[in-house]
Each structure stands twice: as structure tokens, then as C-alpha cells.
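*Asks:* Below you will find the structure I want to go over with you.
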Amino acid sequence: MSNNKESVLAIVLLVNSFIWYHFMLLTARVFLAIAICHVGIIGFSVFGSILSGKINRVRFIYLWIVLGAIISFLPIFVNNNSQHTLAYFIIGGCFGIGLPSCLSYFADHTSVSKRGSLSGVIFLATYLGIYVAAIFGSNRLIADFIFLSAWRVFGLIVLLLVRPVERADAEREVLPFAAILKERPYMLYFITWLVFCVTESGASIGFEQTSYIAWIGILGALASIFGGIVCDRSGRKRVLFTALIALGMVYAIRGIFPNVALTEILHLAFSGISWGAFSVIFILVLWGDLSHPRKRREKYYALGVVPFFLFVLFRVILIQHSVLVPDASLYSLASFSLFLSALSAIFAPETLPEKKIELRRLRRYVERAKKVQEEWD
């Protein structure tokens, strides 16, 4: 395990990358550009995970950040919607190609017992950073793109100042995608994650885009911190099941009372809470837990983040077809889908070592015993 300096660097790099991604999406002029951007992210994430096995990871991350700083100016030079869409495909590819390496760097430099809490910090900082950037945004595209480029340069400066150790990553085993997909625990969690993302992409299209994103961000930021802490204390599955069951019940209630304002508020609230918890578990924590530290982790993460980007892609497509606004039957189907995804997760193993869970239980027991003793004394 590496020192705290590299753990902090991993956090800074991810926050820098996530804010760049989210803020870049805010500059897109047409929905098609956002959709094509995510096609680029998915495709180049897979390609980047393959390419990373042939290049030293730290050097690859250097090149990735420099490329992002340059690519940030690309939309300035487009003249029509077709060029604009192509520009965002390139931007998506630029973001996706280095994302698995950055996520793997985080997994390599964090312990399994702290990965959830640190992931919560990353998403809290990301959500706060997006709001601050949006508030102080200039509404002038050139200024926004200058900010995005400068933001990536800031990440590069931090990387240059820390100077992480370049380990012999090429000597670590690189598994093919087929071998990863044959790993039963990986597939069980992946199916759960995929079903949730596909279900939520359809169930959420009844919400207005801006309000949905805003509330998901606020509630997700709070839930990510709380969920990350519980992940490290009580295990990943407890947080996962709690979020799935709560959201599934809300879907069922909304299926019975589809046009009641209270059920819409509950749906929005629990969607935000679920996204905060699932972002921690399914984007940063689980794939690092399931991959062996002596193997390259990039392909685990490249596959693991695909459902999230599919969620964004499907939601953009569905919003463009307003005839598909969800009705009561869709919410009932969504509730059933989440039940099936929870069933898949039941058979998946807990990835937080049982010894660490039992040790924390023992510590809590000892603390309570001390309090009782002090009361008697």
C-alpha cells in the first residue's frame, strides 16, 4: 500500500476529472452532442483499458491530462451542429481513454477499509465543485472553455508537484475481458448495477432535466458521504440493499399513485440518495475490491463504469421522445426490475473482509460495555 501522499493525489485527480466531465456537458448546445459524447466515453474507456497495459500508468495519466487541457478548446472552432456533435464525441473519447487508469490508480493507493469513505469525499467534493463552477460561470463559451482547460492544467500541476512513483505496472498480469466476465462475483454486481441504471433512465424521464440534476447532486452529495462511511463500517451489501429496497418501494408507491405530488417528491429524493450511495459503490469501490492488487485493474473499471454512461445516454434519448413519459405501469415494472437486481446481489459475496466487519463490531461492543461500566461506577 502506498503512502498518504499518493492517496491524496488519487483523490485530487478524480475530483479534477469528474468536475471537468460534468462542466463540459453543461457547455453542450444540443442533446445529440451529449449522447454522442457518452458513446465516445464508453468506446474509448474500453480502448484505454487495453492501451494502458502497454504504457506506464503514471505517464499515461500525464498524457491524458495534457490532452484534456488541449481538447477543452475544441468546441470553440466548430461552426455548425454536426461539427459540434463530432467535437463532443472527441471530448468524450478524451475523457474515457484515461478514466480506467485514473480509477485504478485510486484503487491501488487506497486500502479496502477506507475506500468507501474516501470515495464519499471524492463525490462530495465533485458535487460542490460543480455547483461553485456553475454559479461563477460566465455564460460565455470562450471563457468557460478557458476555465476547463485551466482546471485540467491545475490537475497537471498537482501531479507534477507530488511526483508519484512510477512502478513497474507492465509486470502485473493483464486479464482479458472474457476472463473478467467469467468471474461470478463481478457479474452478479455488474448485473445489479446495469439493471438499476437502465431502470432509472426510464423511470426518471418524467422529471424536468435541470431540477432532476440539481436535486440528484444535492442529495447525492450527502448520501455519498454517509454511504461511504457505512460501506467501510458495515459492508458494501448493506448499503446496496438499503438503497435498492427503498427506491423499489418508492417505485411501487408511485405506480399505485402516479400523479400525486408527494410520490414525485419521494421518488426524486430517493433517486438522489440512491445515486449518491451507488456512485460510491459501483464507480469507485466494488471494482477495486473485486480486482486483485497484483493485476491490472483498468479493465475491471472500464466495464464497471459502462452502466452509468449508458444511463446518461438512454435518458438523453428518451427525453428526446416525449411520448415515452413514464406511466403507472412503467413504475410497477421498474419496482419489479429493482427486485430482480436485488436478487442478483443476494448471491454476490461481501467484498469488505469479514474480519474488518467483526473487528468494528467488537470495538463498538467494547465501547458500549465501557459506557455501561462507567454508568454503574
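Chain lettering (A, B, ...) mirrors the order of the C-alpha cells, residue numbering begins at 1 for each chain separately, and ligand numbering begins at 1 in order of display.
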Write out as number ranges by chain each polymer residue whose atoms come within 9 Å of Asp289 in chain A, counting only C-alpha atoms; drop sequence neighbours fewer than 2 positions from it.
*Replies:* A: 107, 112, 115, 285-287, 291-293, 351-352
*Asks:* Please provide as a ChimeraX atom specification all residues within 8 Å of range 180-186 of chain A, with the sequence filter that same-chain residues fewer than 6 positions apart are discarded (counting only C-alpha atoms).
*Replies:* /A:287,290,300,348-349
*Asks:* Considering only C-alpha atoms, state which residue in the set A:Phe257, A:Phe77, A:Phe309, A:Phe339 is at the smallest distance from Ile41 in chain A.
*Replies:*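 Closest to Ile41 in chain A, using only C-alpha atoms: A:Phe309.
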*Asks:* Identify which of the residues A:Leu141, A:Val230, A:Ala133, A:Cys102 lies closest to Thr242 in chain A, counting only C-alpha atoms when measuring atom-to-atom distances.
*Replies:*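 Nearest to Thr242 in chain A: A:Val230.
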*Asks:* Do you know which residues are at most 10 Å from Ser201 in chain A counting only C-alpha atoms, after dropping those on the same chain fewer than 3 positions away, and could you put them as a list in words?
*Replies:*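 My reading of the contact set: Val195, Phe196, Cys197, Val198, Ser204, Ile205, Phe308, Leu310, Phe311, Val312, Leu313, Phe314, Arg315, Val316, Ile317, Leu318 and Ile319 of chain A.
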*Asks:* Would you kindly return, as a PyMOL selection string, each protein, DNA or RNA residue with an atom no farther than 10 Å from any atom of range 82-97 of chain A, considering only C-alpha atoms and excluding same-chain residues fewer than 4 positions away?
*Replies:* chain A and resi 17-18+20-21+24-25+27-52+60-61+64-65+67-68+71-78+101-102+302+305
*Asks:* So that I can check the surroundings of Leu9 in chain A, please list as a ChimeraX atom specification every protein, DNA and RNA residue that reaches within 9 Å of it, counting only C-alpha atoms and ignoring chain neighbours fewer than 4 positions away.
*Replies:* /A:4-5,13-14,106,158-159,162,164
*Asks:* Let's see if you can do this: from backbone DSSP, list all alpha helix (DSSP H) residues in range 56-262 of chain A, as a short mmCIF file (atom, residue, chain, number, x, y, z; two decimals) with N, CA and C atoms, in the first residue's frame.
*Replies:*
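Ended up saving to result_2.cif:
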```cif
data_model
loop_
_atom_site.label_atom_id
_atom_site.label_comp_id
_atom_site.auth_asym_id
_atom_site.auth_seq_id
_atom_site.Cartn_x
_atom_site.Cartn_y
_atom_site.Cartn_z
N ARG A 57 1.45 3.56 -16.21
CA ARG A 57 0.22 4.25 -15.84
C ARG A 57 0.43 5.73 -15.54
N VAL A 58 1.44 6.08 -14.78
CA VAL A 58 1.64 7.48 -14.42
C VAL A 58 1.91 8.32 -15.67
N ARG A 59 2.72 7.82 -16.59
CA ARG A 59 2.97 8.55 -17.83
C ARG A 59 1.68 8.69 -18.64
N PHE A 60 0.88 7.65 -18.62
CA PHE A 60 -0.39 7.68 -19.34
C PHE A 60 -1.31 8.75 -18.77
N ILE A 61 -1.35 8.87 -17.45
CA ILE A 61 -2.19 9.88 -16.82
C ILE A 61 -1.67 11.28 -17.13
N TYR A 62 -0.36 11.47 -17.16
CA TYR A 62 0.23 12.75 -17.58
C TYR A 62 -0.30 13.14 -18.97
N LEU A 63 -0.18 12.22 -19.91
CA LEU A 63 -0.60 12.49 -21.28
C LEU A 63 -2.10 12.76 -21.35
N TRP A 64 -2.86 12.02 -20.56
CA TRP A 64 -4.32 12.16 -20.54
C TRP A 64 -4.74 13.56 -20.10
N ILE A 65 -4.13 14.06 -19.04
CA ILE A 65 -4.49 15.39 -18.53
C ILE A 65 -4.07 16.48 -19.51
N VAL A 66 -2.88 16.36 -20.09
CA VAL A 66 -2.43 17.34 -21.08
C VAL A 66 -3.38 17.35 -22.28
N LEU A 67 -3.78 16.17 -22.74
CA LEU A 67 -4.72 16.08 -23.86
C LEU A 67 -6.05 16.73 -23.51
N GLY A 68 -6.52 16.53 -22.28
CA GLY A 68 -7.77 17.14 -21.85
C GLY A 68 -7.70 18.66 -21.84
N ALA A 69 -6.56 19.21 -21.43
CA ALA A 69 -6.38 20.66 -21.41
C ALA A 69 -6.44 21.23 -22.83
N ILE A 70 -5.90 20.51 -23.79
CA ILE A 70 -5.90 20.96 -25.18
C ILE A 70 -7.28 20.80 -25.81
N ILE A 71 -7.88 19.63 -25.60
CA ILE A 71 -9.18 19.32 -26.19
C ILE A 71 -10.28 20.24 -25.67
N ASN A 81 -23.94 22.38 -36.04
CA ASN A 81 -24.30 21.34 -35.08
C ASN A 81 -23.59 20.02 -35.35
N SER A 82 -23.36 19.71 -36.61
CA SER A 82 -22.67 18.46 -36.94
C SER A 82 -21.24 18.47 -36.41
N GLN A 83 -20.55 19.57 -36.64
CA GLN A 83 -19.19 19.70 -36.12
C GLN A 83 -19.19 19.74 -34.59
N HIS A 84 -20.21 20.38 -34.04
CA HIS A 84 -20.34 20.46 -32.58
C HIS A 84 -20.50 19.06 -31.98
N THR A 85 -21.33 18.24 -32.61
CA THR A 85 -21.54 16.87 -32.14
C THR A 85 -20.26 16.04 -32.25
N LEU A 86 -19.57 16.19 -33.36
CA LEU A 86 -18.30 15.48 -33.54
C LEU A 86 -17.28 15.91 -32.50
N ALA A 87 -17.26 17.20 -32.19
CA ALA A 87 -16.33 17.71 -31.18
C ALA A 87 -16.57 17.05 -29.83
N TYR A 88 -17.84 16.85 -29.48
CA TYR A 88 -18.14 16.25 -28.17
C TYR A 88 -17.91 14.74 -28.17
N PHE A 89 -17.95 14.13 -29.35
CA PHE A 89 -17.53 12.72 -29.42
C PHE A 89 -16.04 12.62 -29.10
N ILE A 90 -15.25 13.53 -29.64
CA ILE A 90 -13.81 13.55 -29.37
C ILE A 90 -13.55 13.87 -27.90
N ILE A 91 -14.32 14.80 -27.35
CA ILE A 91 -14.17 15.15 -25.93
C ILE A 91 -14.50 13.93 -25.06
N GLY A 92 -15.59 13.23 -25.40
CA GLY A 92 -15.95 12.02 -24.65
C GLY A 92 -14.85 10.98 -24.74
N GLY A 93 -14.29 10.80 -25.94
CA GLY A 93 -13.19 9.86 -26.09
C GLY A 93 -11.98 10.25 -25.28
N CYS A 94 -11.71 11.55 -25.24
CA CYS A 94 -10.58 12.05 -24.44
C CYS A 94 -10.78 11.76 -22.96
N PHE A 95 -12.00 11.95 -22.47
CA PHE A 95 -12.28 11.68 -21.06
C PHE A 95 -12.23 10.17 -20.78
N GLY A 96 -12.82 9.38 -21.66
CA GLY A 96 -12.92 7.95 -21.42
C GLY A 96 -11.60 7.21 -21.49
N ILE A 97 -10.69 7.65 -22.36
CA ILE A 97 -9.49 6.86 -22.60
C ILE A 97 -8.59 6.75 -21.37
N GLY A 98 -8.60 7.76 -20.51
CA GLY A 98 -7.75 7.70 -19.32
C GLY A 98 -8.48 7.42 -18.03
N LEU A 99 -9.82 7.39 -18.09
CA LEU A 99 -10.60 7.19 -16.87
C LEU A 99 -10.29 5.88 -16.17
N PRO A 100 -10.22 4.72 -16.86
CA PRO A 100 -9.90 3.47 -16.15
C PRO A 100 -8.55 3.51 -15.44
N SER A 101 -7.57 4.17 -16.03
CA SER A 101 -6.25 4.26 -15.40
C SER A 101 -6.31 5.11 -14.14
N CYS A 102 -7.07 6.21 -14.19
CA CYS A 102 -7.20 7.08 -13.03
C CYS A 102 -7.94 6.37 -11.89
N LEU A 103 -9.01 5.65 -12.23
CA LEU A 103 -9.74 4.90 -11.22
C LEU A 103 -8.89 3.78 -10.63
N SER A 104 -8.09 3.13 -11.47
CA SER A 104 -7.21 2.07 -10.99
C SER A 104 -6.12 2.62 -10.08
N TYR A 105 -5.63 3.79 -10.41
CA TYR A 105 -4.63 4.44 -9.55
C TYR A 105 -5.21 4.68 -8.16
N PHE A 106 -6.47 5.12 -8.12
CA PHE A 106 -7.15 5.32 -6.84
C PHE A 106 -7.25 4.01 -6.06
N ALA A 107 -7.67 2.93 -6.74
CA ALA A 107 -7.81 1.63 -6.07
C ALA A 107 -6.47 1.12 -5.55
N ASP A 108 -5.41 1.33 -6.32
CA ASP A 108 -4.08 0.85 -5.92
C ASP A 108 -3.52 1.59 -4.72
N ARG A 115 -11.69 2.73 1.47
CA ARG A 115 -12.05 3.08 0.10
C ARG A 115 -13.43 3.72 0.01
N GLY A 116 -14.38 3.25 0.81
CA GLY A 116 -15.72 3.81 0.78
C GLY A 116 -15.76 5.24 1.28
N SER A 117 -15.11 5.51 2.40
CA SER A 117 -15.11 6.86 2.98
C SER A 117 -14.42 7.85 2.05
N LEU A 118 -13.29 7.44 1.48
CA LEU A 118 -12.56 8.32 0.56
C LEU A 118 -13.37 8.55 -0.71
N SER A 119 -14.09 7.55 -1.16
CA SER A 119 -14.96 7.72 -2.33
C SER A 119 -16.07 8.73 -2.04
N GLY A 120 -16.61 8.69 -0.83
CA GLY A 120 -17.62 9.67 -0.44
C GLY A 120 -17.07 11.08 -0.48
N VAL A 121 -15.83 11.25 -0.03
CA VAL A 121 -15.18 12.57 -0.08
C VAL A 121 -15.04 13.04 -1.53
N ILE A 122 -14.67 12.12 -2.41
CA ILE A 122 -14.50 12.47 -3.83
C ILE A 122 -15.80 12.98 -4.43
N PHE A 123 -16.89 12.28 -4.18
CA PHE A 123 -18.16 12.69 -4.79
C PHE A 123 -18.72 13.95 -4.12
N LEU A 124 -18.52 14.11 -2.83
CA LEU A 124 -18.94 15.36 -2.18
C LEU A 124 -18.20 16.54 -2.77
N ALA A 125 -16.87 16.42 -2.91
CA ALA A 125 -16.07 17.49 -3.49
C ALA A 125 -16.46 17.75 -4.94
N THR A 126 -16.79 16.68 -5.66
CA THR A 126 -17.20 16.84 -7.06
C THR A 126 -18.50 17.61 -7.18
N TYR A 127 -19.50 17.22 -6.39
CA TYR A 127 -20.79 17.90 -6.45
C TYR A 127 -20.65 19.37 -6.05
N LEU A 128 -19.91 19.63 -4.98
CA LEU A 128 -19.72 21.01 -4.55
C LEU A 128 -18.97 21.81 -5.60
N GLY A 129 -17.95 21.20 -6.20
CA GLY A 129 -17.18 21.88 -7.23
C GLY A 129 -18.02 22.22 -8.45
N ILE A 130 -18.92 21.34 -8.83
CA ILE A 130 -19.79 21.59 -9.99
C ILE A 130 -20.70 22.79 -9.71
N TYR A 131 -21.26 22.85 -8.49
CA TYR A 131 -22.15 23.96 -8.16
C TYR A 131 -21.40 25.29 -8.12
N VAL A 132 -20.22 25.27 -7.55
CA VAL A 132 -19.42 26.50 -7.50
C VAL A 132 -19.07 26.97 -8.91
N ALA A 133 -18.64 26.02 -9.74
CA ALA A 133 -18.28 26.36 -11.12
C ALA A 133 -19.49 26.89 -11.89
N ALA A 134 -20.66 26.28 -11.66
CA ALA A 134 -21.87 26.72 -12.36
C ALA A 134 -22.30 28.11 -11.90
N ILE A 135 -22.15 28.39 -10.60
CA ILE A 135 -22.55 29.69 -10.07
C ILE A 135 -21.68 30.81 -10.63
N LEU A 141 -19.04 31.08 -23.80
CA LEU A 141 -18.43 29.79 -24.05
C LEU A 141 -16.90 29.86 -24.04
N ILE A 142 -16.33 30.91 -24.62
CA ILE A 142 -14.87 31.00 -24.67
C ILE A 142 -14.29 31.03 -23.26
N ALA A 143 -14.91 31.81 -22.39
CA ALA A 143 -14.43 31.89 -21.01
C ALA A 143 -14.59 30.54 -20.30
N ASP A 144 -15.70 29.86 -20.57
CA ASP A 144 -15.93 28.55 -19.95
C ASP A 144 -14.88 27.54 -20.39
N PHE A 145 -14.54 27.55 -21.67
CA PHE A 145 -13.55 26.60 -22.17
C PHE A 145 -12.15 26.93 -21.66
N ILE A 146 -11.88 28.20 -21.47
CA ILE A 146 -10.60 28.59 -20.85
C ILE A 146 -10.54 28.06 -19.42
N PHE A 147 -11.66 28.17 -18.72
CA PHE A 147 -11.72 27.65 -17.34
C PHE A 147 -11.49 26.14 -17.33
N LEU A 148 -12.14 25.43 -18.26
CA LEU A 148 -11.99 23.98 -18.31
C LEU A 148 -10.55 23.57 -18.59
N SER A 149 -9.90 24.26 -19.49
CA SER A 149 -8.50 23.96 -19.79
C SER A 149 -7.62 24.27 -18.58
N ALA A 150 -7.87 25.41 -17.94
CA ALA A 150 -7.08 25.78 -16.76
C ALA A 150 -7.30 24.78 -15.62
N TRP A 151 -8.52 24.27 -15.54
CA TRP A 151 -8.84 23.30 -14.49
C TRP A 151 -8.05 22.01 -14.68
N ARG A 152 -7.92 21.57 -15.93
CA ARG A 152 -7.10 20.38 -16.20
C ARG A 152 -5.62 20.67 -15.95
N VAL A 153 -5.19 21.87 -16.27
CA VAL A 153 -3.80 22.25 -16.00
C VAL A 153 -3.53 22.23 -14.50
N PHE A 154 -4.52 22.63 -13.70
CA PHE A 154 -4.38 22.56 -12.25
C PHE A 154 -4.12 21.13 -11.80
N GLY A 155 -4.87 20.18 -12.36
CA GLY A 155 -4.62 18.77 -12.05
C GLY A 155 -3.22 18.33 -12.44
N LEU A 156 -2.75 18.84 -13.58
CA LEU A 156 -1.40 18.51 -14.04
C LEU A 156 -0.34 19.07 -13.08
N ILE A 157 -0.58 20.29 -12.60
CA ILE A 157 0.37 20.91 -11.66
C ILE A 157 0.47 20.10 -10.38
N VAL A 158 -0.68 19.67 -9.86
CA VAL A 158 -0.68 18.84 -8.65
C VAL A 158 0.10 17.55 -8.90
N LEU A 159 -0.11 16.94 -10.06
CA LEU A 159 0.60 15.72 -10.40
C LEU A 159 2.10 15.95 -10.47
N LEU A 160 2.52 17.08 -11.04
CA LEU A 160 3.95 17.41 -11.15
C LEU A 160 4.56 17.69 -9.79
N LEU A 161 3.79 18.31 -8.90
CA LEU A 161 4.31 18.63 -7.56
C LEU A 161 4.48 17.38 -6.71
N VAL A 162 3.53 16.46 -6.81
CA VAL A 162 3.58 15.25 -5.98
C VAL A 162 4.63 14.27 -6.50
N PHE A 177 -10.86 -9.36 -21.17
CA PHE A 177 -12.23 -9.06 -20.75
C PHE A 177 -13.04 -10.34 -20.51
N ALA A 178 -12.80 -11.36 -21.33
CA ALA A 178 -13.55 -12.60 -21.20
C ALA A 178 -13.34 -13.24 -19.83
N ALA A 179 -12.10 -13.16 -19.32
CA ALA A 179 -11.80 -13.74 -18.01
C ALA A 179 -12.51 -12.98 -16.90
N ILE A 180 -12.59 -11.67 -17.03
CA ILE A 180 -13.27 -10.85 -16.02
C ILE A 180 -14.77 -11.15 -16.01
N LEU A 181 -15.35 -11.27 -17.19
CA LEU A 181 -16.79 -11.54 -17.29
C LEU A 181 -17.16 -12.93 -16.79
N ARG A 184 -17.75 -14.80 -11.30
CA ARG A 184 -19.14 -14.79 -10.83
C ARG A 184 -19.46 -13.57 -9.96
N PRO A 185 -18.66 -13.23 -8.94
CA PRO A 185 -18.99 -12.05 -8.13
C PRO A 185 -19.07 -10.77 -8.96
N TYR A 186 -18.13 -10.63 -9.90
CA TYR A 186 -18.12 -9.43 -10.74
C TYR A 186 -19.42 -9.32 -11.54
N MET A 187 -19.83 -10.42 -12.16
CA MET A 187 -21.02 -10.39 -13.00
C MET A 187 -22.29 -10.17 -12.19
N LEU A 188 -22.36 -10.71 -10.99
CA LEU A 188 -23.55 -10.52 -10.16
C LEU A 188 -23.73 -9.04 -9.79
N TYR A 189 -22.64 -8.41 -9.40
CA TYR A 189 -22.73 -6.99 -9.09
C TYR A 189 -22.95 -6.15 -10.34
N PHE A 190 -22.31 -6.53 -11.44
CA PHE A 190 -22.47 -5.79 -12.69
C PHE A 190 -23.92 -5.82 -13.16
N ILE A 191 -24.57 -6.98 -13.06
CA ILE A 191 -25.97 -7.09 -13.46
C ILE A 191 -26.85 -6.19 -12.59
N THR A 192 -26.59 -6.19 -11.29
CA THR A 192 -27.35 -5.32 -10.38
C THR A 192 -27.22 -3.86 -10.78
N TRP A 193 -26.01 -3.43 -11.06
CA TRP A 193 -25.71 -2.06 -11.44
C TRP A 193 -26.35 -1.71 -12.77
N LEU A 194 -26.25 -2.61 -13.74
CA LEU A 194 -26.80 -2.37 -15.07
C LEU A 194 -28.32 -2.26 -15.01
N VAL A 195 -28.97 -3.16 -14.29
CA VAL A 195 -30.43 -3.13 -14.19
C VAL A 195 -30.89 -1.83 -13.53
N PHE A 196 -30.19 -1.40 -12.49
CA PHE A 196 -30.56 -0.14 -11.82
C PHE A 196 -30.46 1.03 -12.79
N CYS A 197 -29.35 1.12 -13.52
CA CYS A 197 -29.13 2.26 -14.42
C CYS A 197 -30.16 2.29 -15.55
N VAL A 198 -30.44 1.13 -16.14
CA VAL A 198 -31.43 1.08 -17.22
C VAL A 198 -32.81 1.43 -16.68
N THR A 199 -33.15 0.90 -15.51
CA THR A 199 -34.45 1.17 -14.90
C THR A 199 -34.62 2.64 -14.57
N GLU A 200 -33.61 3.23 -13.96
CA GLU A 200 -33.69 4.64 -13.55
C GLU A 200 -33.71 5.57 -14.77
N SER A 201 -33.06 5.17 -15.86
CA SER A 201 -33.08 6.01 -17.05
C SER A 201 -34.49 6.17 -17.60
N GLY A 202 -35.31 5.12 -17.47
CA GLY A 202 -36.69 5.21 -17.92
C GLY A 202 -37.60 5.84 -16.89
N ALA A 203 -37.39 5.51 -15.61
CA ALA A 203 -38.28 5.99 -14.56
C ALA A 203 -38.08 7.47 -14.25
N GLN A 209 -35.27 18.24 -16.61
CA GLN A 209 -33.84 17.94 -16.62
C GLN A 209 -33.07 18.71 -15.56
N THR A 210 -33.25 20.03 -15.49
CA THR A 210 -32.45 20.86 -14.58
C THR A 210 -32.73 20.53 -13.13
N SER A 211 -34.03 20.42 -12.76
CA SER A 211 -34.38 20.13 -11.37
C SER A 211 -33.90 18.74 -10.96
N TYR A 212 -33.99 17.78 -11.90
CA TYR A 212 -33.54 16.42 -11.60
C TYR A 212 -32.05 16.41 -11.28
N ILE A 213 -31.25 17.03 -12.12
CA ILE A 213 -29.80 17.06 -11.91
C ILE A 213 -29.46 17.79 -10.62
N ALA A 214 -30.16 18.90 -10.35
CA ALA A 214 -29.86 19.70 -9.15
C ALA A 214 -30.11 18.90 -7.88
N TRP A 215 -31.28 18.26 -7.81
CA TRP A 215 -31.62 17.52 -6.59
C TRP A 215 -30.80 16.24 -6.45
N ILE A 216 -30.50 15.60 -7.58
CA ILE A 216 -29.63 14.43 -7.52
C ILE A 216 -28.27 14.83 -6.96
N GLY A 217 -27.79 16.00 -7.39
CA GLY A 217 -26.49 16.47 -6.91
C GLY A 217 -26.49 16.77 -5.42
N ILE A 218 -27.50 17.48 -4.95
CA ILE A 218 -27.55 17.86 -3.53
C ILE A 218 -27.69 16.63 -2.63
N LEU A 219 -28.70 15.82 -2.92
CA LEU A 219 -28.95 14.63 -2.09
C LEU A 219 -27.86 13.59 -2.28
N GLY A 220 -27.36 13.48 -3.51
CA GLY A 220 -26.30 12.53 -3.78
C GLY A 220 -25.02 12.85 -3.04
N ALA A 221 -24.71 14.13 -2.91
CA ALA A 221 -23.50 14.54 -2.18
C ALA A 221 -23.58 14.10 -0.72
N LEU A 222 -24.73 14.31 -0.09
CA LEU A 222 -24.90 13.91 1.31
C LEU A 222 -24.90 12.39 1.45
N ALA A 223 -25.60 11.72 0.54
CA ALA A 223 -25.69 10.26 0.62
C ALA A 223 -24.35 9.59 0.33
N SER A 224 -23.53 10.20 -0.51
CA SER A 224 -22.24 9.60 -0.83
C SER A 224 -21.32 9.57 0.39
N ILE A 225 -21.34 10.63 1.18
CA ILE A 225 -20.52 10.65 2.40
C ILE A 225 -21.02 9.61 3.39
N PHE A 226 -22.32 9.64 3.67
CA PHE A 226 -22.90 8.70 4.63
C PHE A 226 -22.75 7.26 4.13
N GLY A 227 -23.07 7.04 2.86
CA GLY A 227 -22.97 5.69 2.30
C GLY A 227 -21.54 5.17 2.31
N GLY A 228 -20.57 6.06 2.03
CA GLY A 228 -19.18 5.64 2.04
C GLY A 228 -18.71 5.20 3.41
N ILE A 229 -19.14 5.93 4.44
CA ILE A 229 -18.76 5.58 5.81
C ILE A 229 -19.37 4.24 6.22
N VAL A 230 -20.66 4.06 5.90
CA VAL A 230 -21.33 2.80 6.24
C VAL A 230 -20.71 1.64 5.46
N CYS A 231 -20.31 1.89 4.21
CA CYS A 231 -19.64 0.86 3.41
C CYS A 231 -18.41 0.31 4.11
N ASP A 232 -17.65 1.20 4.73
CA ASP A 232 -16.42 0.79 5.40
C ASP A 232 -16.66 0.22 6.78
N ARG A 233 -17.81 0.49 7.35
CA ARG A 233 -18.10 0.00 8.71
C ARG A 233 -18.91 -1.30 8.69
N SER A 234 -19.91 -1.36 7.85
CA SER A 234 -20.84 -2.48 7.90
C SER A 234 -20.85 -3.32 6.63
N ARG A 236 -20.42 -3.40 2.03
CA ARG A 236 -20.99 -2.81 0.83
C ARG A 236 -22.45 -3.25 0.61
N LYS A 237 -22.74 -4.50 0.90
CA LYS A 237 -24.06 -5.05 0.59
C LYS A 237 -25.16 -4.40 1.43
N ARG A 238 -24.86 -4.02 2.64
CA ARG A 238 -25.89 -3.40 3.48
C ARG A 238 -26.36 -2.08 2.85
N VAL A 239 -25.42 -1.27 2.39
CA VAL A 239 -25.78 -0.01 1.74
C VAL A 239 -26.53 -0.28 0.44
N LEU A 240 -26.04 -1.25 -0.31
CA LEU A 240 -26.65 -1.59 -1.60
C LEU A 240 -28.10 -2.03 -1.43
N PHE A 241 -28.36 -2.95 -0.52
CA PHE A 241 -29.72 -3.45 -0.32
C PHE A 241 -30.65 -2.37 0.21
N THR A 242 -30.15 -1.55 1.12
CA THR A 242 -30.98 -0.49 1.68
C THR A 242 -31.45 0.47 0.59
N ALA A 243 -30.52 0.87 -0.29
CA ALA A 243 -30.87 1.80 -1.36
C ALA A 243 -31.82 1.16 -2.37
N LEU A 244 -31.56 -0.09 -2.73
CA LEU A 244 -32.42 -0.78 -3.70
C LEU A 244 -33.84 -0.97 -3.18
N ILE A 245 -33.95 -1.41 -1.93
CA ILE A 245 -35.27 -1.67 -1.35
C ILE A 245 -36.06 -0.37 -1.20
N ALA A 246 -35.38 0.69 -0.72
CA ALA A 246 -36.07 1.96 -0.53
C ALA A 246 -36.58 2.53 -1.85
N LEU A 247 -35.73 2.51 -2.88
CA LEU A 247 -36.15 3.04 -4.17
C LEU A 247 -37.20 2.15 -4.81
N GLY A 248 -37.09 0.83 -4.64
CA GLY A 248 -38.09 -0.08 -5.18
C GLY A 248 -39.47 0.15 -4.57
N MET A 249 -39.50 0.43 -3.27
CA MET A 249 -40.78 0.72 -2.61
C MET A 249 -41.37 2.03 -3.12
N VAL A 250 -40.51 3.02 -3.37
CA VAL A 250 -41.00 4.29 -3.90
C VAL A 250 -41.57 4.10 -5.31
N TYR A 251 -40.90 3.28 -6.13
CA TYR A 251 -41.43 2.97 -7.45
C TYR A 251 -42.82 2.33 -7.34
N ALA A 252 -42.94 1.38 -6.40
CA ALA A 252 -44.22 0.69 -6.24
C ALA A 252 -45.32 1.66 -5.81
N ILE A 253 -44.99 2.55 -4.89
CA ILE A 253 -45.98 3.54 -4.42
C ILE A 253 -46.38 4.47 -5.55
N ARG A 254 -45.38 4.88 -6.35
CA ARG A 254 -45.71 5.79 -7.45
C ARG A 254 -46.51 5.07 -8.53
N GLY A 255 -46.31 3.76 -8.65
CA GLY A 255 -47.14 3.01 -9.58
C GLY A 255 -48.60 2.99 -9.17
N ILE A 256 -48.84 2.99 -7.86
CA ILE A 256 -50.22 3.00 -7.34
C ILE A 256 -50.81 4.40 -7.38
N ALA A 261 -48.35 14.50 -6.00
CA ALA A 261 -47.12 15.29 -5.86
C ALA A 261 -46.18 14.69 -4.83
N LEU A 262 -46.74 14.15 -3.74
CA LEU A 262 -45.90 13.60 -2.67
C LEU A 262 -45.07 12.42 -3.18
#
```
*Asks:* Quick one: pull the distance between CA of Thr110 in chain A and CA of Ser7 in chain A, Å, one decimal.
*Replies:*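 These atoms are spaced 6.0 Å apart.
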